[in-house]
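Trainee: So here's coords_26.pdb, just PDB, C-alpha atoms and all ligand atoms:
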ATOM      1  CA  MET A   1     105.455  96.468  93.762  1.00  0.00           C
ATOM      2  CA  PRO A   2     102.282  98.091  92.304  1.00  0.00           C
ATOM      3  CA  VAL A   3      99.215  98.318  94.517  1.00  0.00           C
ATOM      4  CA  PRO A   4      96.610  95.758  93.351  1.00  0.00           C
ATOM      5  CA  LEU A   5      93.876  98.401  93.157  1.00  0.00           C
ATOM      6  CA  ALA A   6      93.259  99.466  89.560  1.00  0.00           C
ATOM      7  CA  HIS A   7      93.600 103.224  89.089  1.00  0.00           C
ATOM      8  CA  ARG A   8      94.693 105.863  86.569  1.00  0.00           C
ATOM      9  CA  SER A   9      94.992 108.909  88.816  1.00  0.00           C
ATOM     10  CA  ALA A  10      95.552 109.931  92.411  1.00  0.00           C
ATOM     11  CA  TYR A  11      91.811 110.567  92.678  1.00  0.00           C
ATOM     12  CA  GLU A  12      90.989 107.041  91.525  1.00  0.00           C
ATOM     13  CA  LEU A  13      93.603 105.485  93.826  1.00  0.00           C
ATOM     14  CA  LEU A  14      92.278 107.465  96.781  1.00  0.00           C
ATOM     15  CA  ALA A  15      88.676 106.460  96.115  1.00  0.00           C
ATOM     16  CA  ALA A  16      89.614 102.800  95.507  1.00  0.00           C
ATOM     17  CA  THR A  17      91.666 102.664  98.695  1.00  0.00           C
ATOM     18  CA  MET A  18      88.741 104.081 100.675  1.00  0.00           C
ATOM     19  CA  LEU A  19      86.490 101.391  99.196  1.00  0.00           C
ATOM     20  CA  SER A  20      89.004  98.646 100.070  1.00  0.00           C
ATOM     21  CA  ALA A  21      88.289  98.921 103.809  1.00  0.00           C
ATOM     22  CA  GLN A  22      86.777  95.598 104.923  1.00  0.00           C
ATOM     23  CA  CYS A  23      86.680  94.478 101.292  1.00  0.00           C
ATOM     24  CA  THR A  24      88.913  92.532  98.928  1.00  0.00           C
ATOM     25  CA  ASP A  25      90.848  94.288  96.189  1.00  0.00           C
ATOM     26  CA  ALA A  26      89.167  92.005  93.638  1.00  0.00           C
ATOM     27  CA  VAL A  27      85.701  93.261  94.576  1.00  0.00           C
ATOM     28  CA  VAL A  28      86.907  96.883  94.583  1.00  0.00           C
ATOM     29  CA  ASN A  29      88.374  96.379  91.113  1.00  0.00           C
ATOM     30  CA  ARG A  30      85.033  95.027  89.880  1.00  0.00           C
ATOM     31  CA  VAL A  31      83.212  98.093  91.198  1.00  0.00           C
ATOM     32  CA  THR A  32      85.544 100.957  90.308  1.00  0.00           C
ATOM     33  CA  PRO A  33      85.187 100.888  86.487  1.00  0.00           C
ATOM     34  CA  ALA A  34      81.494 101.768  86.800  1.00  0.00           C
ATOM     35  CA  LEU A  35      82.241 104.199  89.614  1.00  0.00           C
ATOM     36  CA  PHE A  36      84.749 106.167  87.566  1.00  0.00           C
ATOM     37  CA  ILE A  37      82.562 106.176  84.463  1.00  0.00           C
ATOM     38  CA  ALA A  38      79.741 107.665  86.548  1.00  0.00           C
ATOM     39  CA  TYR A  39      82.031 110.030  88.486  1.00  0.00           C
ATOM     40  CA  PRO A  40      85.200 110.654  86.484  1.00  0.00           C
ATOM     41  CA  THR A  41      86.323 113.625  88.577  1.00  0.00           C
ATOM     42  CA  PRO A  42      86.120 114.793  92.186  1.00  0.00           C
ATOM     43  CA  ALA A  43      83.633 117.443  91.022  1.00  0.00           C
ATOM     44  CA  ALA A  44      81.328 114.770  89.615  1.00  0.00           C
ATOM     45  CA  LEU A  45      81.619 112.648  92.766  1.00  0.00           C
ATOM     46  CA  ALA A  46      80.980 115.652  95.008  1.00  0.00           C
ATOM     47  CA  ALA A  47      77.698 116.209  93.147  1.00  0.00           C
ATOM     48  CA  ALA A  48      76.688 112.526  93.182  1.00  0.00           C
ATOM     49  CA  ARG A  49      73.194 111.426  94.072  1.00  0.00           C
ATOM     50  CA  VAL A  50      73.895 109.357  97.155  1.00  0.00           C
ATOM     51  CA  ASP A  51      71.368 106.622  96.324  1.00  0.00           C
ATOM     52  CA  GLU A  52      72.961 106.103  92.905  1.00  0.00           C
ATOM     53  CA  LEU A  53      76.447 106.073  94.403  1.00  0.00           C
ATOM     54  CA  GLU A  54      75.378 103.561  97.052  1.00  0.00           C
ATOM     55  CA  THR A  55      74.022 101.241  94.371  1.00  0.00           C
ATOM     56  CA  ILE A  56      77.341 101.247  92.511  1.00  0.00           C
ATOM     57  CA  ILE A  57      79.538 100.622  95.549  1.00  0.00           C
ATOM     58  CA  HIS A  58      77.117  98.273  97.329  1.00  0.00           C
ATOM     59  CA  PRO A  59      79.257  95.122  96.704  1.00  0.00           C
ATOM     60  CA  THR A  60      82.158  96.593  98.714  1.00  0.00           C
ATOM     61  CA  GLY A  61      80.158  96.552 101.962  1.00  0.00           C
ATOM     62  CA  PHE A  62      79.503  99.366 104.437  1.00  0.00           C
ATOM     63  CA  PHE A  63      78.193 101.159 101.365  1.00  0.00           C
ATOM     64  CA  ARG A  64      76.305 103.872 103.223  1.00  0.00           C
ATOM     65  CA  SER A  65      79.263 105.096 105.255  1.00  0.00           C
ATOM     66  CA  LYS A  66      81.589 104.652 102.280  1.00  0.00           C
ATOM     67  CA  ALA A  67      79.266 106.715 100.064  1.00  0.00           C
ATOM     68  CA  ARG A  68      79.203 109.504 102.651  1.00  0.00           C
ATOM     69  CA  ALA A  69      82.987 109.393 102.945  1.00  0.00           C
ATOM     70  CA  LEU A  70      83.513 109.446  99.174  1.00  0.00           C
ATOM     71  CA  VAL A  71      81.243 112.450  98.671  1.00  0.00           C
ATOM     72  CA  GLY A  72      82.846 114.200 101.634  1.00  0.00           C
ATOM     73  CA  MET A  73      86.328 113.487 100.307  1.00  0.00           C
ATOM     74  CA  ALA A  74      85.435 114.731  96.832  1.00  0.00           C
ATOM     75  CA  SER A  75      83.757 117.857  98.189  1.00  0.00           C
ATOM     76  CA  ALA A  76      86.825 118.662 100.273  1.00  0.00           C
ATOM     77  CA  LEU A  77      89.074 118.190  97.240  1.00  0.00           C
ATOM     78  CA  GLU A  78      86.900 120.610  95.295  1.00  0.00           C
ATOM     79  CA  GLN A  79      86.560 123.199  98.021  1.00  0.00           C
ATOM     80  CA  ARG A  80      90.096 123.167  99.420  1.00  0.00           C
ATOM     81  CA  TYR A  81      92.443 121.697  96.826  1.00  0.00           C
ATOM     82  CA  GLY A  82      91.106 122.811  93.471  1.00  0.00           C
ATOM     83  CA  GLY A  83      89.945 119.297  92.645  1.00  0.00           C
ATOM     84  CA  GLU A  84      93.450 117.848  93.053  1.00  0.00           C
ATOM     85  CA  VAL A  85      94.568 115.202  95.558  1.00  0.00           C
ATOM     86  CA  PRO A  86      97.140 116.789  97.871  1.00  0.00           C
ATOM     87  CA  GLY A  87     100.513 115.086  98.236  1.00  0.00           C
ATOM     88  CA  THR A  88     101.260 115.345 101.948  1.00  0.00           C
ATOM     89  CA  MET A  89     100.161 113.298 104.944  1.00  0.00           C
ATOM     90  CA  ASP A  90      99.035 116.400 106.850  1.00  0.00           C
ATOM     91  CA  GLU A  91      96.723 117.433 104.023  1.00  0.00           C
ATOM     92  CA  LEU A  92      95.438 113.988 103.111  1.00  0.00           C
ATOM     93  CA  ILE A  93      94.302 113.108 106.627  1.00  0.00           C
ATOM     94  CA  THR A  94      92.128 116.238 106.729  1.00  0.00           C
ATOM     95  CA  LEU A  95      89.919 114.693 104.029  1.00  0.00           C
ATOM     96  CA  PRO A  96      86.735 112.994 105.281  1.00  0.00           C
ATOM     97  CA  GLY A  97      87.160 109.223 105.487  1.00  0.00           C
ATOM     98  CA  VAL A  98      90.929 109.369 104.949  1.00  0.00           C
ATOM     99  CA  GLY A  99      93.153 108.076 107.754  1.00  0.00           C
ATOM    100  CA  ARG A 100      96.898 107.517 107.888  1.00  0.00           C
ATOM    101  CA  LYS A 101      96.626 104.074 106.286  1.00  0.00           C
ATOM    102  CA  THR A 102      94.741 105.329 103.227  1.00  0.00           C
ATOM    103  CA  ALA A 103      96.960 108.408 103.016  1.00  0.00           C
ATOM    104  CA  SER A 104     100.090 106.242 103.195  1.00  0.00           C
ATOM    105  CA  VAL A 105      98.906 104.084 100.298  1.00  0.00           C
ATOM    106  CA  VAL A 106      98.303 107.165  98.138  1.00  0.00           C
ATOM    107  CA  LEU A 107     101.572 108.835  99.172  1.00  0.00           C
ATOM    108  CA  GLY A 108     103.624 105.722  98.570  1.00  0.00           C
ATOM    109  CA  GLN A 109     101.952 104.398  95.457  1.00  0.00           C
ATOM    110  CA  TRP A 110     101.091 107.591  93.600  1.00  0.00           C
ATOM    111  CA  PHE A 111     103.366 110.335  94.851  1.00  0.00           C
ATOM    112  CA  GLY A 112     106.399 108.117  95.460  1.00  0.00           C
ATOM    113  CA  GLU A 113     106.709 109.531  98.961  1.00  0.00           C
ATOM    114  CA  PRO A 114     108.176 107.302 101.657  1.00  0.00           C
ATOM    115  CA  ALA A 115     105.296 106.001 103.752  1.00  0.00           C
ATOM    116  CA  ILE A 116     104.338 102.745 105.455  1.00  0.00           C
ATOM    117  CA  ALA A 117     100.624 102.088 105.548  1.00  0.00           C
ATOM    118  CA  VAL A 118      99.720 100.383 108.834  1.00  0.00           C
ATOM    119  CA  ASP A 119      96.374  98.672 108.512  1.00  0.00           C
ATOM    120  CA  THR A 120      94.994  95.791 110.563  1.00  0.00           C
ATOM    121  CA  HIS A 121      97.072  93.275 108.568  1.00  0.00           C
ATOM    122  CA  VAL A 122     100.343  95.135 109.049  1.00  0.00           C
ATOM    123  CA  LEU A 123      99.569  95.651 112.723  1.00  0.00           C
ATOM    124  CA  ARG A 124      98.946  91.928 113.303  1.00  0.00           C
ATOM    125  CA  LEU A 125     101.864  90.720 111.177  1.00  0.00           C
ATOM    126  CA  SER A 126     104.345  93.170 112.689  1.00  0.00           C
ATOM    127  CA  LYS A 127     103.552  91.969 116.190  1.00  0.00           C
ATOM    128  CA  ARG A 128     103.671  88.299 115.227  1.00  0.00           C
ATOM    129  CA  LEU A 129     107.033  88.798 113.557  1.00  0.00           C
ATOM    130  CA  GLY A 130     108.315  90.648 116.617  1.00  0.00           C
ATOM    131  CA  LEU A 131     108.965  93.865 114.697  1.00  0.00           C
ATOM    132  CA  THR A 132     107.147  95.995 117.280  1.00  0.00           C
ATOM    133  CA  ASP A 133     105.651  95.850 120.757  1.00  0.00           C
ATOM    134  CA  ALA A 134     103.321  98.763 120.087  1.00  0.00           C
ATOM    135  CA  ASN A 135      99.567  98.570 119.586  1.00  0.00           C
ATOM    136  CA  ASP A 136      98.960 102.051 118.264  1.00  0.00           C
ATOM    137  CA  PRO A 137      99.265 102.228 114.437  1.00  0.00           C
ATOM    138  CA  VAL A 138     101.241 105.468 114.552  1.00  0.00           C
ATOM    139  CA  ALA A 139     103.788 103.923 116.938  1.00  0.00           C
ATOM    140  CA  VAL A 140     103.958 100.740 114.842  1.00  0.00           C
ATOM    141  CA  GLU A 141     104.570 102.871 111.751  1.00  0.00           C
ATOM    142  CA  ALA A 142     107.457 104.607 113.551  1.00  0.00           C
ATOM    143  CA  ASP A 143     108.959 101.266 114.648  1.00  0.00           C
ATOM    144  CA  LEU A 144     108.768  99.849 111.122  1.00  0.00           C
ATOM    145  CA  LYS A 145     110.374 102.958 109.650  1.00  0.00           C
ATOM    146  CA  GLU A 146     113.379 102.324 111.910  1.00  0.00           C
ATOM    147  CA  LEU A 147     113.886  98.925 110.310  1.00  0.00           C
ATOM    148  CA  TRP A 148     114.026  99.820 106.614  1.00  0.00           C
ATOM    149  CA  PRO A 149     115.653 102.658 104.672  1.00  0.00           C
ATOM    150  CA  ARG A 150     113.262 105.376 103.457  1.00  0.00           C
ATOM    151  CA  PRO A 151     113.274 104.301  99.795  1.00  0.00           C
ATOM    152  CA  MET A 152     111.902 100.895 100.857  1.00  0.00           C
ATOM    153  CA  TRP A 153     109.064 102.138 103.074  1.00  0.00           C
ATOM    154  CA  ALA A 154     106.222 102.203 100.553  1.00  0.00           C
ATOM    155  CA  ASP A 155     107.101  98.875  98.964  1.00  0.00           C
ATOM    156  CA  THR A 156     107.721  97.199 102.311  1.00  0.00           C
ATOM    157  CA  GLY A 157     104.420  98.472 103.659  1.00  0.00           C
ATOM    158  CA  LEU A 158     102.544  97.076 100.693  1.00  0.00           C
ATOM    159  CA  ARG A 159     104.327  93.722 100.973  1.00  0.00           C
ATOM    160  CA  LEU A 160     103.419  93.528 104.664  1.00  0.00           C
ATOM    161  CA  ILE A 161      99.757  94.239 103.879  1.00  0.00           C
ATOM    162  CA  LEU A 162      99.643  91.511 101.237  1.00  0.00           C
ATOM    163  CA  HIS A 163     101.535  88.971 103.363  1.00  0.00           C
ATOM    164  CA  GLY A 164      99.356  89.648 106.383  1.00  0.00           C
ATOM    165  CA  ARG A 165      96.215  89.336 104.343  1.00  0.00           C
ATOM    166  CA  ASP A 166      97.136  86.346 102.202  1.00  0.00           C
ATOM    167  CA  THR A 167      99.429  84.226 104.411  1.00  0.00           C
ATOM    168  CA  CYS A 168      99.070  85.446 107.990  1.00  0.00           C
ATOM    169  CA  PRO A 169      95.382  86.216 108.549  1.00  0.00           C
ATOM    170  CA  ALA A 170      93.982  86.627 112.043  1.00  0.00           C
ATOM    171  CA  ARG A 171      92.667  83.077 112.055  1.00  0.00           C
ATOM    172  CA  ASN A 172      94.620  80.078 110.832  1.00  0.00           C
ATOM    173  CA  PRO A 173      97.845  81.685 109.619  1.00  0.00           C
ATOM    174  CA  ARG A 174      99.510  79.506 107.001  1.00  0.00           C
ATOM    175  CA  CYS A 175     102.846  79.071 108.821  1.00  0.00           C
ATOM    176  CA  ASN A 176     103.794  75.975 106.836  1.00  0.00           C
ATOM    177  CA  ALA A 177     103.617  77.964 103.594  1.00  0.00           C
ATOM    178  CA  CYS A 178     105.105  81.171 104.967  1.00  0.00           C
ATOM    179  CA  SER A 179     108.225  82.668 103.410  1.00  0.00           C
ATOM    180  CA  LEU A 180     108.991  84.421 106.709  1.00  0.00           C
ATOM    181  CA  TYR A 181     108.763  81.245 108.791  1.00  0.00           C
ATOM    182  CA  ASN A 182     112.409  81.154 109.849  1.00  0.00           C
ATOM    183  CA  ALA A 183     112.369  84.817 110.917  1.00  0.00           C
ATOM    184  CA  CYS A 184     109.071  84.689 112.791  1.00  0.00           C
ATOM    185  CA  ILE A 185     108.951  84.506 116.579  1.00  0.00           C
ATOM    186  CA  SER A 186     105.337  83.288 116.419  1.00  0.00           C
ATOM    187  CA  ARG A 187     105.819  80.412 113.994  1.00  0.00           C
ATOM    188  CA  GLY A 188     104.069  77.238 115.007  1.00  0.00           C
ATOM    189  CA  THR A 189     102.276  78.789 117.974  1.00  0.00           C
ATOM    190  CA  PHE A 190      98.820  78.609 116.428  1.00  0.00           C
TER     191      PHE A 190
HETATM  192  S1  LIG A 201     105.293  82.049 110.332  1.00  0.00           S
HETATM  193 FE1  LIG A 201     103.075  82.023 110.723  1.00  0.00          FE
HETATM  194  S2  LIG A 201     102.699  83.608 112.299  1.00  0.00           S
HETATM  195 FE2  LIG A 201     104.745  83.984 111.403  1.00  0.00          FE
HETATM  196  S3  LIG A 201     104.397  85.457 109.750  1.00  0.00           S
HETATM  197 FE3  LIG A 201     104.346  83.404 108.830  1.00  0.00          FE
HETATM  198  S4  LIG A 201     102.162  82.837 108.852  1.00  0.00           S
HETATM  199 FE4  LIG A 201     102.410  84.563 110.269  1.00  0.00          FE
END
Please go through the file and, once you have read it, give me the structure as structure tokens.
Mentor:
Amino acid sequence: MPVPLAHRSAYELLAATMLSAQCTDAVVNRVTPALFIAYPTPAALAAARVDELETIIHPTGFFRSKARALVGMASALEQRYGGEVPGTMDELITLPGVGRKTASVVLGQWFGEPAIAVDTHVLRLSKRLGLTDANDPVAVEADLKELWPRPMWADTGLRLILHGRDTCPARNPRCNACSLYNACISRGTF
């Protein structure tokens, strides 16, 4: 299952995933064409004028902190990784603004590495389905990895994100339209 964020490189996927925090993929996809025309490489983004960058990414929300994170990420890529996005969790999470969730998306969707991205949607859905008792994303990630074989981790993680976001949101989950209804220990409790 391809990630719904439009991208042509690991750099573009990383930047788009960072912009997707608290924002829909549709809005990110409307913003990123202009972003990557203005800043086609990490070097260009590292040298961005912050006010111009903020204007471009404004529709994605939290544009000031996202602009700082994007420039910090790009600068770190330039200074430490020769302008390339590294392909390991340990390296990715050293980049400014990049946590395990963002790193997992890039690892799974670009590098084909087994990873399950645990964001707020996966956290909520996993607990509602009874797949974990944990609250900490790292512990939830470990519990989920016990349930599926490694080759399925990235795809499963993405499916959980989309299901949590589209069918099982925090408020008013759509249990009557849910494909996981029969397997869910929380069905009909809302
Ligand atoms: S049945 Fe309801 S609570 Fe359970 S996963 Fe589906 S939408 Fe969420």
Trainee: What's the 12 Å shell around region 55-66 of chain A, counting all atoms listed in the file, without same-chain residues fewer than 4 positions away, as a short mmCIF file (atom, residue, chain, number, x, y, z; two decimals) with C-alpha atoms, keeping the file's coordinate frame?
Mentor:
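Dumped to selection33.cif:
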data_model
loop_
_atom_site.label_atom_id
_atom_site.label_comp_id
_atom_site.auth_asym_id
_atom_site.auth_seq_id
_atom_site.Cartn_x
_atom_site.Cartn_y
_atom_site.Cartn_z
CA ALA A 15 88.68 106.46 96.12
CA ALA A 16 89.61 102.80 95.51
CA THR A 17 91.67 102.66 98.70
CA MET A 18 88.74 104.08 100.68
CA LEU A 19 86.49 101.39 99.20
CA SER A 20 89.00 98.65 100.07
CA ALA A 21 88.29 98.92 103.81
CA GLN A 22 86.78 95.60 104.92
CA CYS A 23 86.68 94.48 101.29
CA THR A 24 88.91 92.53 98.93
CA ASP A 25 90.85 94.29 96.19
CA ALA A 26 89.17 92.00 93.64
CA VAL A 27 85.70 93.26 94.58
CA VAL A 28 86.91 96.88 94.58
CA ASN A 29 88.37 96.38 91.11
CA ARG A 30 85.03 95.03 89.88
CA VAL A 31 83.21 98.09 91.20
CA THR A 32 85.54 100.96 90.31
CA PRO A 33 85.19 100.89 86.49
CA ALA A 34 81.49 101.77 86.80
CA LEU A 35 82.24 104.20 89.61
CA PHE A 36 84.75 106.17 87.57
CA ILE A 37 82.56 106.18 84.46
CA ALA A 38 79.74 107.66 86.55
CA TYR A 39 82.03 110.03 88.49
CA ALA A 48 76.69 112.53 93.18
CA ARG A 49 73.19 111.43 94.07
CA VAL A 50 73.90 109.36 97.16
CA ASP A 51 71.37 106.62 96.32
CA LEU A 70 83.51 109.45 99.17
CA VAL A 71 81.24 112.45 98.67
CA GLY A 72 82.85 114.20 101.63
CA MET A 73 86.33 113.49 100.31
CA PRO A 96 86.74 112.99 105.28
CA GLY A 97 87.16 109.22 105.49
CA VAL A 98 90.93 109.37 104.95
#
Trainee: All residues within 7 Å of ligand LIG 201 (chain A) are required, counting all atoms listed in the file; please report them as a PyMOL selection string.
Mentor: chain A and resi 125+128-129+167-168+173-175+178-181+184-188
Trainee: Kindly provide, as lines of an AutoDock Vina configuration file, the centre and edge lengths (Å, one decimal) of an axis-aligned box around all atoms of region 36-55 of chain A given in the file, with 6 Å on each side.
Mentor:
center_x = 78.8
center_y = 109.3
center_z = 90.8
size_x = 27.0
size_y = 28.2
size_z = 24.7
Trainee: Grab the CA of Val3 (chain A) to CA of Val138 (chain A) distance for me, in Å with one decimal place.
Mentor: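 Rounded to one decimal, the two atoms are 21.4 Å apart.
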Trainee: Rounded to one decimal, what separation in Å do you get between CA of Ala170 (chain A) and CA of Trp153 (chain A)?
Mentor: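 So the two atoms, CA of Ala170 (chain A) and CA of Trp153 (chain A), lie 23.4 Å apart.
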Trainee: With the file shown as input, list the residues that the PyMOL selection byres (((chain A and resi 135) around 12) and not hetatm) selects, as a list in words.
Mentor: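 This file, filtered by the PyMOL selection byres (((chain A and resi 135) around 12) and not hetatm), leaves Val118, Asp119, Thr120, Val122, Leu123, Arg124, Leu125, Ser126, Lys127, Arg128, Leu131, Thr132, Asp133, Ala134, Asp136, Pro137, Val138, Ala139, Val140, Glu141, Ala142 and Asp143 of chain A.
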Trainee: Write a file of the just-selected residues containing C-alpha atoms, as a PDB file, in the frame of the given file.
Mentor:
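Result went into result-v5.pdb, see below:
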ATOM      1  CA  VAL A 118      99.720 100.383 108.834  1.00  0.00           C
ATOM      2  CA  ASP A 119      96.374  98.672 108.512  1.00  0.00           C
ATOM      3  CA  THR A 120      94.994  95.791 110.563  1.00  0.00           C
ATOM      4  CA  VAL A 122     100.343  95.135 109.049  1.00  0.00           C
ATOM      5  CA  LEU A 123      99.569  95.651 112.723  1.00  0.00           C
ATOM      6  CA  ARG A 124      98.946  91.928 113.303  1.00  0.00           C
ATOM      7  CA  LEU A 125     101.864  90.720 111.177  1.00  0.00           C
ATOM      8  CA  SER A 126     104.345  93.170 112.689  1.00  0.00           C
ATOM      9  CA  LYS A 127     103.552  91.969 116.190  1.00  0.00           C
ATOM     10  CA  ARG A 128     103.671  88.299 115.227  1.00  0.00           C
ATOM     11  CA  LEU A 131     108.965  93.865 114.697  1.00  0.00           C
ATOM     12  CA  THR A 132     107.147  95.995 117.280  1.00  0.00           C
ATOM     13  CA  ASP A 133     105.651  95.850 120.757  1.00  0.00           C
ATOM     14  CA  ALA A 134     103.321  98.763 120.087  1.00  0.00           C
ATOM     15  CA  ASP A 136      98.960 102.051 118.264  1.00  0.00           C
ATOM     16  CA  PRO A 137      99.265 102.228 114.437  1.00  0.00           C
ATOM     17  CA  VAL A 138     101.241 105.468 114.552  1.00  0.00           C
ATOM     18  CA  ALA A 139     103.788 103.923 116.938  1.00  0.00           C
ATOM     19  CA  VAL A 140     103.958 100.740 114.842  1.00  0.00           C
ATOM     20  CA  GLU A 141     104.570 102.871 111.751  1.00  0.00           C
ATOM     21  CA  ALA A 142     107.457 104.607 113.551  1.00  0.00           C
ATOM     22  CA  ASP A 143     108.959 101.266 114.648  1.00  0.00           C
TER      23      ASP A 143
END
Trainee: Which residues come within 7 Å of Pro42 (chain A), counting all atoms listed in the file, excluding same-chain residues fewer than 4 positions away, as an mmCIF file with C-alpha atoms, in the coordinates of the input?
Mentor:
data_model
loop_
_atom_site.group_PDB
_atom_site.id
_atom_site.type_symbol
_atom_site.label_atom_id
_atom_site.label_comp_id
_atom_site.auth_asym_id
_atom_site.auth_seq_id
_atom_site.Cartn_x
_atom_site.Cartn_y
_atom_site.Cartn_z
ATOM 1 C CA ALA A 46 80.980 115.652 95.008
ATOM 2 C CA ALA A 74 85.435 114.731 96.832
ATOM 3 C CA LEU A 77 89.074 118.190 97.240
ATOM 4 C CA GLU A 78 86.900 120.610 95.295
ATOM 5 C CA GLY A 83 89.945 119.297 92.645
#
Trainee: Could you tell me how far CA of Glu146 (chain A) lies from CA of Ile93 (chain A), in Å and to one decimal?
Mentor: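 One can read the CA of Glu146 (chain A) to CA of Ile93 (chain A) distance as 22.5 Å.
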Trainee: Leu160 (chain A): which residues within 8 Å, counting only C-alpha atoms, same-chain residues fewer than 2 positions away excluded, as a list in words?
Mentor: His121, Val122, Leu125, Thr156, Gly157, Leu158, Leu162, His163 and Gly164 of chain A
Trainee: Here's a test: counting all atoms listed in the file, identify every protein, DNA and RNA residue with an atom at most 7 Å from (104.3, 103.7, 103.5) in the file's coordinate frame, and state them as a list in words.
Mentor: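 Nearby residues: Ser104, Val105, Gly108, Pro114, Ala115, Ile116, Ala117, Trp153, Ala154 and Gly157 of chain A.
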Trainee: Just checking: using all atoms listed in the file, which residue out of A:Glu52, A:Asp90, A:Glu113, A:Glu84 ends up closest to Glu12 (chain A)?
Mentor: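 Answer, going by the shortest atom-to-atom distance: A:Glu84.
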